[in-house]
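The structure appears right after this line, and notes come after that.
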Amino acid sequence: MKKISRKSFLKLASAAAMSGITAGALAACNAASGSTAASSAAAKYTPGTYTATAKGMSDITMTATFSETAITDIQLDLSGETDSIGQAAKDDLIKQLLEAQNSTIDGVSGATVTGDAVKQCMNDCITQAMGGTAVAAPEASAEQASGWRTAPDPIADSEIDKTYDVDVAIVGMGYAGLSCFRELAEEGKNVMVLEAMPKDSWWTVGHDIGHINSEYLKSHGVPEVDIVEFVNNWMLQTHGKANASLVMKFAKNGGSTVDWWLDKINPDTLAKTRIQFWPDNEYTVHQLNNGMHYYTGTLEWWENYWENPTSGEKNNNTAGQLELKDLSWDNYNYVEENFSDNATALFGTKGVQLVMDGAKVTGVIAQDGDGNYLKINAKNGVVLAGGGFGGNKEMMDDLLPDIKRLFTKDEDFFAPFGRDGSTIQMGVWAGGRLEGDISTMNFDSMAVPDYLPGPLWVDENGQRFQNEAFAGPEINGFFMARAKRGNITSIYDSTYETQILRGFPGHQAFEYDMPAVVEAMKGNFEAAKAAGAEGANGWYCADTIEQLAEYIGVEPAALSATVEQYNKVCAEGYNSDFAKDPHFLNAVAKAPFYAHVTTPSLGFALVTTGGFVTTNDQQVLNEDYQPIEGLYASGNTCGMRFGPEYITPIPGVSIGMCLTLGRELGKYLAAK
């Protein structure tokens, strides 16, 4: 019998298999891979239309129509998925399924969670059409939850289609990977970066670069920040669990890195950027009474929407085409145009295994879009910069048990931009140690009402329950995450126009510096005033507190007592109930009164922001806290930057730190 290679077997299996259906069923059905072959095959389906549901970003539904031999039509309801990601992938997913005639499809880059749910629906529909019953996958046991940690068999050299020899290999081209790539290219090093996204759909997540002391900020009048004060404030907010050396690298070099990054940006594009929360207004607060400091320093831009804060000119591009070009593309194009002799980016190519020589990492094996294996030997090291694991449910259940324990039965992890965690898996297989407290961008934090610190917040019983201005929204949401789920309401009086201007820079905070945002907020109050008892989009207005309580479904006596006590501490200027900063003690005393009812829940996050324990030079440590030769981590694959939770003394510090530490790692590896 002719022996086939491991890779050939996987390709054959991929072409024939229906994920979730037994091998025996496949053999019995003699399944064909396309509609032409299916037409001549024996009947295997009961003709009809079948429906299945699965959990993606939301509950999605598939309706599939079968003839005796083929899947003839597929309808998908992805209305609850992210419109620009999951919903946008709908037609492509249907096309792939109809061509494959099974669930073994590539999916759509960037829509992994939606794609996986669609595949599950396809499996369920096929099972029903074959006479079986669709059964939901069982919950993973505690023992099964760590299956991702088990390393696969090493890919043999006989399976390799092509080999490269470089100085440094980088897995992932987000902000950290691209910054490291550019620095190494400029240093004349032979560097290769592997990016799983195809080139025509590649993008870097996020459009806010938080940093301090750049020439860009200084040119806009933003004051310089003392780096020692900055680092100490950072360590205070991270409970002392961050690596102070990495934080200091960011503080010292973040400004020059951002200027370096912007140096290659088209001037017309650069002119459309802005500094978030700048300029200060007469109500802006930077130092809270608890000692936490918040700084101005966020360079902001958007792909599909921007507004000039001076002229008010807007560009709302509903077609989804990039009017304001992503800054990352300008940096990538600069490298490609000037350093093609020594710097190579392989798009649509995913790192799958590290190459080991004993305990040393000597390279990485990748797989391209055709299933071919590539081996990249890296003389000076491999950089893991493939992001976090917010798109991997198994890893989240295993690595974030403290957050999972906070969920109610209706809550779960939801990370629309989360990566699949494969880069972290590779590092774990190589012996890398993960930090104990893996930070996430708000999984364990509930939405703060209106993202404003000034109003009075009450729960569904009309009672005040926390310090509304303790810290930025992501930290303030911790208190709410540990409260009974239900309506949280912000209460204002007629002085709301100054209350909404009173704030400090923070992640997701209300943008009091944006005239259009401020006017839109005022519009909510005006709409509520005109709406009466029915309210307007959750906003209500009444002439008395008792009447307002009736509108929002709260016991009038309870809300009146809460307001009376709150007004008392406001008059004293000293909050002996929850220690609220006096800057934000706004009495609810002057009619008319307003309420905004919100119903926050737990489990949403943009990304995970923690990973490996490293040296001060971002070299990954093993389980004995010893450096693994040849292995480095940067960006959201690198841990000990934020402590137990993402913090934002400047909004956008995740991207600022990724850029900075990616470049610093490039400098370090170039000097080896």
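Within each chain, counting starts at residue 1; across the structure tokens, chains are named A, B, ... in the order shown, with ligands numbered 1 upward in that order.
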I want to know what sits within 9 Å of Met292 of chain A, based on only C-alpha atoms, with residues of the same chain fewer than 3 positions away left out; could you give that as an mmCIF file with all heavy atoms, in the first residue's frame?
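As written to disk, part.cif reads:
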data_model
loop_
_atom_site.group_PDB
_atom_site.id
_atom_site.type_symbol
_atom_site.label_atom_id
_atom_site.label_comp_id
_atom_site.auth_asym_id
_atom_site.auth_seq_id
_atom_site.Cartn_x
_atom_site.Cartn_y
_atom_site.Cartn_z
ATOM 1 N N ASN A 233 1.981 56.086 39.197
ATOM 2 C CA ASN A 233 0.527 56.074 39.066
ATOM 3 C C ASN A 233 0.061 54.780 38.412
ATOM 4 O O ASN A 233 -0.941 54.182 38.813
ATOM 5 C CB ASN A 233 0.081 57.285 38.241
ATOM 6 C CG ASN A 233 -1.423 57.337 38.052
ATOM 7 O OD1 ASN A 233 -2.168 57.597 38.987
ATOM 8 N ND2 ASN A 233 -1.870 57.097 36.825
ATOM 9 N N TRP A 234 0.789 54.336 37.398
ATOM 10 C CA TRP A 234 0.467 53.085 36.703
ATOM 11 C C TRP A 234 0.531 51.911 37.677
ATOM 12 O O TRP A 234 -0.381 51.067 37.701
ATOM 13 C CB TRP A 234 1.448 52.872 35.558
ATOM 14 C CG TRP A 234 1.119 51.733 34.645
ATOM 15 C CD1 TRP A 234 1.239 50.399 34.897
ATOM 16 C CD2 TRP A 234 0.624 51.835 33.301
ATOM 17 N NE1 TRP A 234 0.854 49.658 33.809
ATOM 18 C CE2 TRP A 234 0.470 50.519 32.818
ATOM 19 C CE3 TRP A 234 0.310 52.904 32.471
ATOM 20 C CZ2 TRP A 234 0.012 50.240 31.529
ATOM 21 C CZ3 TRP A 234 -0.150 52.628 31.190
ATOM 22 C CH2 TRP A 234 -0.294 51.311 30.732
ATOM 23 N N LEU A 236 0.218 51.971 40.856
ATOM 24 C CA LEU A 236 -0.884 52.093 41.804
ATOM 25 C C LEU A 236 -2.155 51.497 41.208
ATOM 26 O O LEU A 236 -2.863 50.718 41.872
ATOM 27 C CB LEU A 236 -1.107 53.574 42.143
ATOM 28 C CG LEU A 236 -2.352 53.917 42.974
ATOM 29 C CD1 LEU A 236 -2.201 53.408 44.400
ATOM 30 C CD2 LEU A 236 -2.599 55.434 42.971
ATOM 31 N N GLN A 237 -2.441 51.818 39.960
ATOM 32 C CA GLN A 237 -3.676 51.349 39.340
ATOM 33 C C GLN A 237 -3.642 49.864 39.008
ATOM 34 O O GLN A 237 -4.695 49.229 38.876
ATOM 35 C CB GLN A 237 -3.982 52.163 38.075
ATOM 36 C CG GLN A 237 -4.321 53.617 38.357
ATOM 37 C CD GLN A 237 -5.001 54.304 37.179
ATOM 38 O OE1 GLN A 237 -5.713 53.691 36.401
ATOM 39 N NE2 GLN A 237 -4.763 55.600 37.049
ATOM 40 N N HIS A 286 -7.920 66.045 36.456
ATOM 41 C CA HIS A 286 -6.911 65.036 36.143
ATOM 42 C C HIS A 286 -6.501 64.222 37.364
ATOM 43 O O HIS A 286 -6.160 63.049 37.229
ATOM 44 C CB HIS A 286 -5.667 65.700 35.529
ATOM 45 C CG HIS A 286 -5.874 66.197 34.134
ATOM 46 N ND1 HIS A 286 -5.915 65.370 33.034
ATOM 47 C CD2 HIS A 286 -6.084 67.448 33.653
ATOM 48 C CE1 HIS A 286 -6.123 66.082 31.947
ATOM 49 N NE2 HIS A 286 -6.231 67.349 32.288
ATOM 50 N N GLN A 287 -6.513 64.825 38.532
ATOM 51 C CA GLN A 287 -6.102 64.130 39.750
ATOM 52 C C GLN A 287 -7.330 63.900 40.625
ATOM 53 O O GLN A 287 -7.987 64.851 41.070
ATOM 54 C CB GLN A 287 -5.075 64.959 40.539
ATOM 55 C CG GLN A 287 -4.611 64.323 41.835
ATOM 56 C CD GLN A 287 -3.565 63.245 41.616
ATOM 57 O OE1 GLN A 287 -2.594 63.457 40.899
ATOM 58 N NE2 GLN A 287 -3.761 62.091 42.217
ATOM 59 N N LEU A 288 -7.681 62.627 40.861
ATOM 60 C CA LEU A 288 -8.825 62.305 41.699
ATOM 61 C C LEU A 288 -8.425 62.312 43.173
ATOM 62 O O LEU A 288 -7.244 62.209 43.514
ATOM 63 C CB LEU A 288 -9.399 60.944 41.317
ATOM 64 C CG LEU A 288 -9.853 60.790 39.859
ATOM 65 C CD1 LEU A 288 -10.448 59.406 39.635
ATOM 66 C CD2 LEU A 288 -10.857 61.866 39.489
ATOM 67 N N ASN A 289 -9.418 62.376 44.047
ATOM 68 C CA ASN A 289 -9.102 62.440 45.475
ATOM 69 C C ASN A 289 -8.572 61.123 46.024
ATOM 70 O O ASN A 289 -8.077 61.065 47.139
ATOM 71 C CB ASN A 289 -10.324 62.894 46.287
ATOM 72 C CG ASN A 289 -11.461 61.882 46.274
ATOM 73 O OD1 ASN A 289 -11.547 61.042 45.384
ATOM 74 N ND2 ASN A 289 -12.346 61.979 47.255
ATOM 75 N N PHE A 470 -15.168 57.016 41.209
ATOM 76 C CA PHE A 470 -13.976 56.453 41.841
ATOM 77 C C PHE A 470 -12.794 56.402 40.880
ATOM 78 O O PHE A 470 -11.650 56.646 41.264
ATOM 79 C CB PHE A 470 -14.263 55.046 42.367
ATOM 80 C CG PHE A 470 -13.063 54.381 42.982
ATOM 81 C CD1 PHE A 470 -12.612 54.762 44.235
ATOM 82 C CD2 PHE A 470 -12.365 53.394 42.299
ATOM 83 C CE1 PHE A 470 -11.497 54.161 44.806
ATOM 84 C CE2 PHE A 470 -11.247 52.789 42.858
ATOM 85 C CZ PHE A 470 -10.815 53.177 44.115
ATOM 86 N N ALA A 471 -13.069 56.049 39.617
ATOM 87 C CA ALA A 471 -11.987 55.882 38.644
ATOM 88 C C ALA A 471 -12.589 55.883 37.250
ATOM 89 O O ALA A 471 -13.767 56.192 37.069
ATOM 90 C CB ALA A 471 -11.234 54.577 38.919
ATOM 91 N N PRO A 649 -4.931 55.088 32.425
ATOM 92 C CA PRO A 649 -4.615 56.456 32.836
ATOM 93 C C PRO A 649 -4.574 57.393 31.634
ATOM 94 O O PRO A 649 -4.691 58.602 31.775
ATOM 95 C CB PRO A 649 -3.239 56.315 33.490
ATOM 96 C CG PRO A 649 -2.691 55.026 32.970
ATOM 97 C CD PRO A 649 -3.857 54.142 32.708
#
Write out, as CSV, each residue of segment 434-471 of chain A that has an atom at most 10 Å from segment 499-510 of chain A, together with the closest pair of atoms and their distance in Å to one decimal, counting only C-alpha atoms, rows going by chain and rising number.
residue,atom,partner,partner_atom,distance
A:Met441,CA,A:His507,CA,9.9
A:Ala447,CA,A:Gln508,CA,9.4
A:Val448,CA,A:Ala509,CA,9.0
A:Asp450,CA,A:Phe510,CA,7.1
A:Tyr451,CA,A:Ala509,CA,4.9
A:Leu452,CA,A:Phe510,CA,6.0
A:Pro453,CA,A:Gly503,CA,6.6
A:Gly454,CA,A:Gln499,CA,5.7
A:Pro455,CA,A:Gln499,CA,7.2
A:Ala469,CA,A:Gly503,CA,9.0
A:Ala471,CA,A:Gly506,CA,8.4
Could those residues be written to a file, using N, CA and C atoms, as a PDB file, in the first residue's frame?
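The resulting file, out-v9.pdb, is reproduced below:
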ATOM      1  N   MET A 441      -9.892  43.444  28.420  1.00  0.00           N
ATOM      2  CA  MET A 441     -10.437  44.778  28.258  1.00  0.00           C
ATOM      3  C   MET A 441     -11.931  44.758  28.558  1.00  0.00           C
ATOM      4  N   ALA A 447     -21.050  48.044  32.082  1.00  0.00           N
ATOM      5  CA  ALA A 447     -21.118  49.377  31.488  1.00  0.00           C
ATOM      6  C   ALA A 447     -21.545  50.418  32.516  1.00  0.00           C
ATOM      7  N   VAL A 448     -20.847  51.525  32.543  1.00  0.00           N
ATOM      8  CA  VAL A 448     -21.131  52.632  33.455  1.00  0.00           C
ATOM      9  C   VAL A 448     -22.177  53.543  32.823  1.00  0.00           C
ATOM     10  N   ASP A 450     -23.915  56.212  31.055  1.00  0.00           N
ATOM     11  CA  ASP A 450     -23.530  57.411  30.298  1.00  0.00           C
ATOM     12  C   ASP A 450     -22.028  57.698  30.341  1.00  0.00           C
ATOM     13  N   TYR A 451     -21.243  56.828  30.980  1.00  0.00           N
ATOM     14  CA  TYR A 451     -19.796  57.029  31.110  1.00  0.00           C
ATOM     15  C   TYR A 451     -19.453  58.375  31.727  1.00  0.00           C
ATOM     16  N   LEU A 452     -20.327  58.836  32.613  1.00  0.00           N
ATOM     17  CA  LEU A 452     -20.145  60.132  33.265  1.00  0.00           C
ATOM     18  C   LEU A 452     -20.017  59.954  34.777  1.00  0.00           C
ATOM     19  N   PRO A 453     -19.068  60.649  35.413  1.00  0.00           N
ATOM     20  CA  PRO A 453     -18.887  60.514  36.863  1.00  0.00           C
ATOM     21  C   PRO A 453     -19.760  61.441  37.699  1.00  0.00           C
ATOM     22  N   GLY A 454     -20.408  62.428  37.065  1.00  0.00           N
ATOM     23  CA  GLY A 454     -21.106  63.457  37.826  1.00  0.00           C
ATOM     24  C   GLY A 454     -22.483  63.120  38.344  1.00  0.00           C
ATOM     25  N   PRO A 455     -23.317  62.368  37.602  1.00  0.00           N
ATOM     26  CA  PRO A 455     -24.680  62.129  38.070  1.00  0.00           C
ATOM     27  C   PRO A 455     -24.735  61.215  39.299  1.00  0.00           C
ATOM     28  N   ALA A 469     -17.636  58.224  40.858  1.00  0.00           N
ATOM     29  CA  ALA A 469     -16.449  58.858  40.275  1.00  0.00           C
ATOM     30  C   ALA A 469     -15.170  58.311  40.886  1.00  0.00           C
ATOM     31  N   ALA A 471     -13.069  56.049  39.617  1.00  0.00           N
ATOM     32  CA  ALA A 471     -11.987  55.882  38.644  1.00  0.00           C
ATOM     33  C   ALA A 471     -12.589  55.883  37.250  1.00  0.00           C
TER      34      ALA A 471
END
Within 12 Å of Val569 of chain A, counting only C-alpha atoms, which residues qualify if same-chain residues fewer than 5 places away don't, as a list in words? Leu456, Thr562, Val563, Glu564, Tyr574, Asn575, Ser576, Asp577, Phe578, Ala579, Lys580, Asp581, Pro582, Phe584, Leu585, Asn586, Ala587 and Val588 of chain A
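Within 12 Å of Met197 of chain A, once only C-alpha atoms are used and residues closer than 3 positions along the same chain are dropped, the contacting residues are Gly107, Val108, Ser109, Gly110, Ala111, Thr112, Val171, Gly172, Met173, Gly174, Val193, Leu194, Asp200, Ser201, Trp202, Trp203, Thr204, Ala345, Leu346, Phe347, Gly348, Thr349, Lys350, Gly351, Asp368, Gly369, Gly386 and Arg419 of chain A.
Between Pro473 of chain A and the residues A:Asn377, A:Thr648, A:Thr49, A:Ser328, the shortest atom-to-atom distance, using only C-alpha atoms, involves A:Thr648.
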Find the spatial neighbours of Cys125 of chain A, counting only C-alpha atoms, within a cut-off of 9 Å - ignore same-chain residues fewer than 5 positions away - and output them as a PyMOL selection string. chain A and resi 49-52+62-65+120+130+133-134
Any idea what's packed within 7 Å of segment 189-192 of chain A, counting only C-alpha atoms, ignoring anything in its chain fewer than 6 positions away? Could you give it as an MDAnalysis selection string? chainID A and resid 166:170 181 342:345 670
Output all heavy atoms for every residue in that selection, as a JSON list (two decimals), in the first residue's frame.
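Everything below was put into part.json:
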[["chain", "number", "residue", "atom", "x", "y", "z"],
["A", 166, "VAL", "N", 16.17, 33.35, 8.41],
["A", 166, "VAL", "CA", 16.11, 34.77, 8.71],
["A", 166, "VAL", "C", 16.79, 35.04, 10.05],
["A", 166, "VAL", "O", 17.15, 34.12, 10.79],
["A", 166, "VAL", "CB", 14.64, 35.26, 8.78],
["A", 166, "VAL", "CG1", 13.94, 35.04, 7.44],
["A", 166, "VAL", "CG2", 13.88, 34.56, 9.90],
["A", 167, "ASP", "N", 16.96, 36.32, 10.34],
["A", 167, "ASP", "CA", 17.47, 36.69, 11.67],
["A", 167, "ASP", "C", 16.35, 36.59, 12.71],
["A", 167, "ASP", "O", 16.54, 36.03, 13.79],
["A", 167, "ASP", "CB", 18.03, 38.11, 11.65],
["A", 167, "ASP", "CG", 19.26, 38.25, 10.78],
["A", 167, "ASP", "OD1", 20.09, 37.31, 10.78],
["A", 167, "ASP", "OD2", 19.40, 39.28, 10.10],
["A", 168, "VAL", "N", 15.19, 37.15, 12.37],
["A", 168, "VAL", "CA", 14.07, 37.17, 13.32],
["A", 168, "VAL", "C", 12.79, 36.82, 12.58],
["A", 168, "VAL", "O", 12.53, 37.33, 11.48],
["A", 168, "VAL", "CB", 13.91, 38.55, 13.99],
["A", 168, "VAL", "CG1", 12.69, 38.57, 14.92],
["A", 168, "VAL", "CG2", 15.17, 38.92, 14.75],
["A", 169, "ALA", "N", 11.97, 35.97, 13.19],
["A", 169, "ALA", "CA", 10.63, 35.67, 12.68],
["A", 169, "ALA", "C", 9.61, 36.23, 13.66],
["A", 169, "ALA", "O", 9.76, 36.08, 14.88],
["A", 169, "ALA", "CB", 10.44, 34.17, 12.52],
["A", 170, "ILE", "N", 8.58, 36.87, 13.13],
["A", 170, "ILE", "CA", 7.53, 37.47, 13.96],
["A", 170, "ILE", "C", 6.21, 36.81, 13.59],
["A", 170, "ILE", "O", 5.86, 36.72, 12.42],
["A", 170, "ILE", "CB", 7.43, 38.99, 13.72],
["A", 170, "ILE", "CG1", 8.78, 39.67, 13.99],
["A", 170, "ILE", "CG2", 6.35, 39.61, 14.60],
["A", 170, "ILE", "CD1", 8.83, 41.12, 13.54],
["A", 181, "PHE", "N", 8.64, 44.70, 13.27],
["A", 181, "PHE", "CA", 9.00, 44.42, 11.88],
["A", 181, "PHE", "C", 9.68, 45.63, 11.24],
["A", 181, "PHE", "O", 10.76, 45.52, 10.63],
["A", 181, "PHE", "CB", 7.73, 44.05, 11.13],
["A", 181, "PHE", "CG", 7.89, 43.73, 9.67],
["A", 181, "PHE", "CD1", 8.74, 42.72, 9.24],
["A", 181, "PHE", "CD2", 7.15, 44.42, 8.72],
["A", 181, "PHE", "CE1", 8.86, 42.42, 7.88],
["A", 181, "PHE", "CE2", 7.25, 44.12, 7.36],
["A", 181, "PHE", "CZ", 8.12, 43.12, 6.95],
["A", 342, "ASN", "N", 15.33, 42.78, 2.62],
["A", 342, "ASN", "CA", 15.59, 42.12, 3.90],
["A", 342, "ASN", "C", 14.36, 41.94, 4.78],
["A", 342, "ASN", "O", 14.45, 41.35, 5.86],
["A", 342, "ASN", "CB", 16.66, 42.89, 4.70],
["A", 342, "ASN", "CG", 16.21, 44.29, 5.09],
["A", 342, "ASN", "OD1", 15.93, 45.11, 4.23],
["A", 342, "ASN", "ND2", 16.15, 44.56, 6.38],
["A", 343, "ALA", "N", 13.20, 42.43, 4.35],
["A", 343, "ALA", "CA", 11.99, 42.34, 5.17],
["A", 343, "ALA", "C", 10.85, 41.77, 4.33],
["A", 343, "ALA", "O", 10.52, 42.31, 3.28],
["A", 343, "ALA", "CB", 11.61, 43.71, 5.71],
["A", 344, "THR", "N", 10.26, 40.69, 4.81],
["A", 344, "THR", "CA", 9.20, 40.01, 4.07],
["A", 344, "THR", "C", 8.00, 39.78, 4.96],
["A", 344, "THR", "O", 8.14, 39.35, 6.11],
["A", 344, "THR", "CB", 9.69, 38.63, 3.56],
["A", 344, "THR", "OG1", 10.86, 38.83, 2.76],
["A", 344, "THR", "CG2", 8.62, 37.94, 2.74],
["A", 345, "ALA", "N", 6.82, 40.07, 4.44],
["A", 345, "ALA", "CA", 5.57, 39.77, 5.13],
["A", 345, "ALA", "C", 4.83, 38.70, 4.34],
["A", 345, "ALA", "O", 4.61, 38.85, 3.14],
["A", 345, "ALA", "CB", 4.71, 41.02, 5.27],
["A", 670, "ALA", "N", 17.87, 43.43, 17.22],
["A", 670, "ALA", "CA", 18.80, 43.90, 16.20],
["A", 670, "ALA", "C", 20.22, 43.98, 16.73],
["A", 670, "ALA", "O", 21.19, 43.86, 15.98],
["A", 670, "ALA", "CB", 18.36, 45.26, 15.68]]
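Take the candidates A:Asp459, A:Asp412, A:Glu99, A:Asp91 and check each one against Val597 of chain A using only C-alpha atoms; the shortest distance goes to A:Asp459.
The gap separating atom CA of Lys95 of chain A from atom CA of Asp73 of chain A is 9.9 Å, in Å to one decimal.
Shortest separation to Tyr294 of chain A among A:Asn213, A:Glu229, A:Tyr512, A:Trp261 occurs at residue A:Glu229, atoms counted being only C-alpha atoms.
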Residues within 6 Å of segment 244-257 of chain A, only C-alpha atoms, excluding chain neighbours under 3 positions, as a ChimeraX atom specification: /A:211-214,227,260,616,657,660
Selected residues, N, CA and C atoms, written as a short mmCIF file (atom, residue, chain, number, x, y, z; two decimals), in the first residue's frame, please.
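This went into again_15.cif:
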data_model
loop_
_atom_site.label_atom_id
_atom_site.label_comp_id
_atom_site.auth_asym_id
_atom_site.auth_seq_id
_atom_site.Cartn_x
_atom_site.Cartn_y
_atom_site.Cartn_z
N HIS A 211 -0.33 57.73 24.80
CA HIS A 211 1.10 57.86 25.07
C HIS A 211 1.35 59.20 25.74
N ILE A 212 2.59 59.47 26.08
CA ILE A 212 2.95 60.77 26.66
C ILE A 212 4.19 61.33 25.96
N ASN A 213 4.29 62.66 25.99
CA ASN A 213 5.53 63.38 25.67
C ASN A 213 6.02 63.25 24.23
N SER A 214 5.11 63.05 23.29
CA SER A 214 5.53 63.07 21.88
C SER A 214 5.58 64.51 21.39
N ILE A 227 7.80 61.25 33.95
CA ILE A 227 7.72 59.81 33.75
C ILE A 227 7.73 59.04 35.07
N TRP A 260 7.95 58.56 15.54
CA TRP A 260 8.55 57.67 14.53
C TRP A 260 7.47 57.04 13.68
N ASN A 616 12.64 41.67 31.39
CA ASN A 616 12.48 43.09 31.08
C ASN A 616 12.69 43.38 29.59
N MET A 657 1.34 51.12 24.07
CA MET A 657 2.33 50.21 24.64
C MET A 657 2.74 49.14 23.63
N THR A 660 5.20 50.74 21.26
CA THR A 660 6.47 51.06 21.92
C THR A 660 7.26 49.81 22.24
#
Hey, what does DSSP flag as helix (DSSP H, G or I) within segment 326-430 of chain A? Can you give it to me as a ChimeraX atom specification? /A:327-338,393-399,401-404,422-429
Could you take the residues named above and write them with N, CA, C and O atoms, as a compact mmCIF listing (two decimals), in the first residue's frame?
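Contents of out.txt, as written:
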# COMPACT_ATOMS: atom_id res chain seq x y z
N LEU A 327 -3.41 54.11 9.68
CA LEU A 327 -2.01 54.48 9.83
C LEU A 327 -1.08 53.28 9.68
O LEU A 327 0.08 53.42 9.27
N SER A 328 -1.57 52.10 10.01
CA SER A 328 -0.73 50.91 9.91
C SER A 328 -0.37 50.60 8.45
O SER A 328 0.74 50.15 8.16
N TRP A 329 -1.30 50.86 7.53
CA TRP A 329 -1.01 50.59 6.13
C TRP A 329 0.12 51.48 5.63
O TRP A 329 0.99 51.03 4.87
N ASP A 330 0.13 52.75 6.04
CA ASP A 330 1.22 53.63 5.62
C ASP A 330 2.56 53.11 6.11
O ASP A 330 3.57 53.19 5.40
N ASN A 331 2.59 52.58 7.34
CA ASN A 331 3.84 52.05 7.87
C ASN A 331 4.24 50.75 7.17
O ASN A 331 5.41 50.55 6.85
N TYR A 332 3.26 49.88 6.90
CA TYR A 332 3.60 48.66 6.18
C TYR A 332 4.10 48.97 4.77
O TYR A 332 5.11 48.41 4.31
N ASN A 333 3.41 49.85 4.06
CA ASN A 333 3.82 50.19 2.69
C ASN A 333 5.22 50.78 2.66
O ASN A 333 6.00 50.53 1.73
N TYR A 334 5.55 51.57 3.69
CA TYR A 334 6.90 52.13 3.78
C TYR A 334 7.95 51.03 3.85
O TYR A 334 8.97 51.07 3.15
N VAL A 335 7.69 50.01 4.67
CA VAL A 335 8.65 48.90 4.78
C VAL A 335 8.73 48.14 3.46
O VAL A 335 9.83 47.83 2.96
N GLU A 336 7.59 47.83 2.87
CA GLU A 336 7.57 47.06 1.64
C GLU A 336 8.29 47.79 0.50
O GLU A 336 9.02 47.17 -0.29
N GLU A 337 8.11 49.10 0.45
CA GLU A 337 8.71 49.87 -0.64
C GLU A 337 10.20 50.13 -0.47
O GLU A 337 10.91 50.33 -1.46
N ASN A 338 10.68 50.10 0.77
CA ASN A 338 12.07 50.49 1.01
C ASN A 338 12.98 49.37 1.51
O ASN A 338 14.20 49.51 1.46
N LYS A 393 -13.09 30.18 23.07
CA LYS A 393 -13.92 29.94 24.25
C LYS A 393 -13.26 28.97 25.22
O LYS A 393 -13.33 29.15 26.45
N GLU A 394 -12.60 27.94 24.70
CA GLU A 394 -11.94 26.96 25.57
C GLU A 394 -10.87 27.62 26.43
O GLU A 394 -10.78 27.36 27.63
N MET A 395 -10.07 28.49 25.81
CA MET A 395 -9.01 29.15 26.56
C MET A 395 -9.58 30.13 27.57
O MET A 395 -9.07 30.26 28.69
N MET A 396 -10.65 30.84 27.20
CA MET A 396 -11.24 31.78 28.15
C MET A 396 -11.80 31.06 29.37
O MET A 396 -11.62 31.50 30.51
N ASP A 397 -12.50 29.96 29.13
CA ASP A 397 -13.03 29.19 30.25
C ASP A 397 -11.92 28.71 31.18
O ASP A 397 -12.08 28.67 32.40
N ASP A 398 -10.79 28.33 30.59
CA ASP A 398 -9.68 27.79 31.36
C ASP A 398 -8.88 28.87 32.07
O ASP A 398 -8.54 28.74 33.25
N LEU A 399 -8.59 29.97 31.36
CA LEU A 399 -7.64 30.97 31.87
C LEU A 399 -8.30 32.13 32.61
O LEU A 399 -7.60 32.90 33.28
N PRO A 401 -11.08 31.89 34.98
CA PRO A 401 -12.12 31.32 35.85
C PRO A 401 -12.67 32.33 36.85
O PRO A 401 -13.83 32.23 37.25
N ASP A 402 -11.85 33.29 37.27
CA ASP A 402 -12.33 34.29 38.22
C ASP A 402 -13.43 35.14 37.61
O ASP A 402 -14.38 35.55 38.28
N ILE A 403 -13.31 35.42 36.29
CA ILE A 403 -14.35 36.18 35.61
C ILE A 403 -15.57 35.31 35.37
O ILE A 403 -16.71 35.75 35.58
N LYS A 404 -15.35 34.09 34.94
CA LYS A 404 -16.47 33.18 34.66
C LYS A 404 -17.34 32.99 35.90
O LYS A 404 -18.56 32.85 35.79
N SER A 422 -3.99 31.12 19.20
CA SER A 422 -3.03 30.11 18.71
C SER A 422 -1.59 30.50 18.99
O SER A 422 -0.74 29.63 19.21
N THR A 423 -1.29 31.79 18.98
CA THR A 423 0.09 32.22 19.26
C THR A 423 0.45 31.92 20.71
O THR A 423 1.56 31.47 21.00
N ILE A 424 -0.48 32.16 21.63
CA ILE A 424 -0.23 31.83 23.03
C ILE A 424 -0.11 30.32 23.21
O ILE A 424 0.73 29.83 23.97
N GLN A 425 -0.93 29.57 22.49
CA GLN A 425 -0.83 28.11 22.57
C GLN A 425 0.57 27.64 22.20
O GLN A 425 1.16 26.80 22.90
N MET A 426 1.12 28.17 21.12
CA MET A 426 2.46 27.75 20.69
C MET A 426 3.49 28.00 21.78
O MET A 426 4.37 27.18 22.03
N GLY A 427 3.38 29.17 22.43
CA GLY A 427 4.31 29.49 23.49
C GLY A 427 4.17 28.58 24.69
O GLY A 427 5.17 28.20 25.33
N VAL A 428 2.93 28.21 25.01
CA VAL A 428 2.70 27.27 26.12
C VAL A 428 3.28 25.90 25.77
O VAL A 428 3.90 25.24 26.61
N TRP A 429 3.08 25.45 24.53
CA TRP A 429 3.64 24.17 24.12
C TRP A 429 5.16 24.15 24.22
O TRP A 429 5.77 23.10 24.44
Per DSSP on the backbone, filter segment 337-527 of chain A down to the residues in strand (DSSP E) and report them as number ranges by chain. A: 343-347, 350-357, 360-367, 373-384, 456-458, 488-492
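Taking only C-alpha atoms into account, Ser79 of chain A lies nearest to A:Asp59 out of the set A:Gly388, A:Ile488, A:Ala185, A:Asp59.
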What is the distance between atom CA of Ala196 of chain A and atom CA of Gly80 of chain A, in Å to one decimal? 25.8 Å
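One distance worth recording is that between atom CA of Gly643 of chain A and atom CA of Val613 of chain A, which is 11.4 Å.
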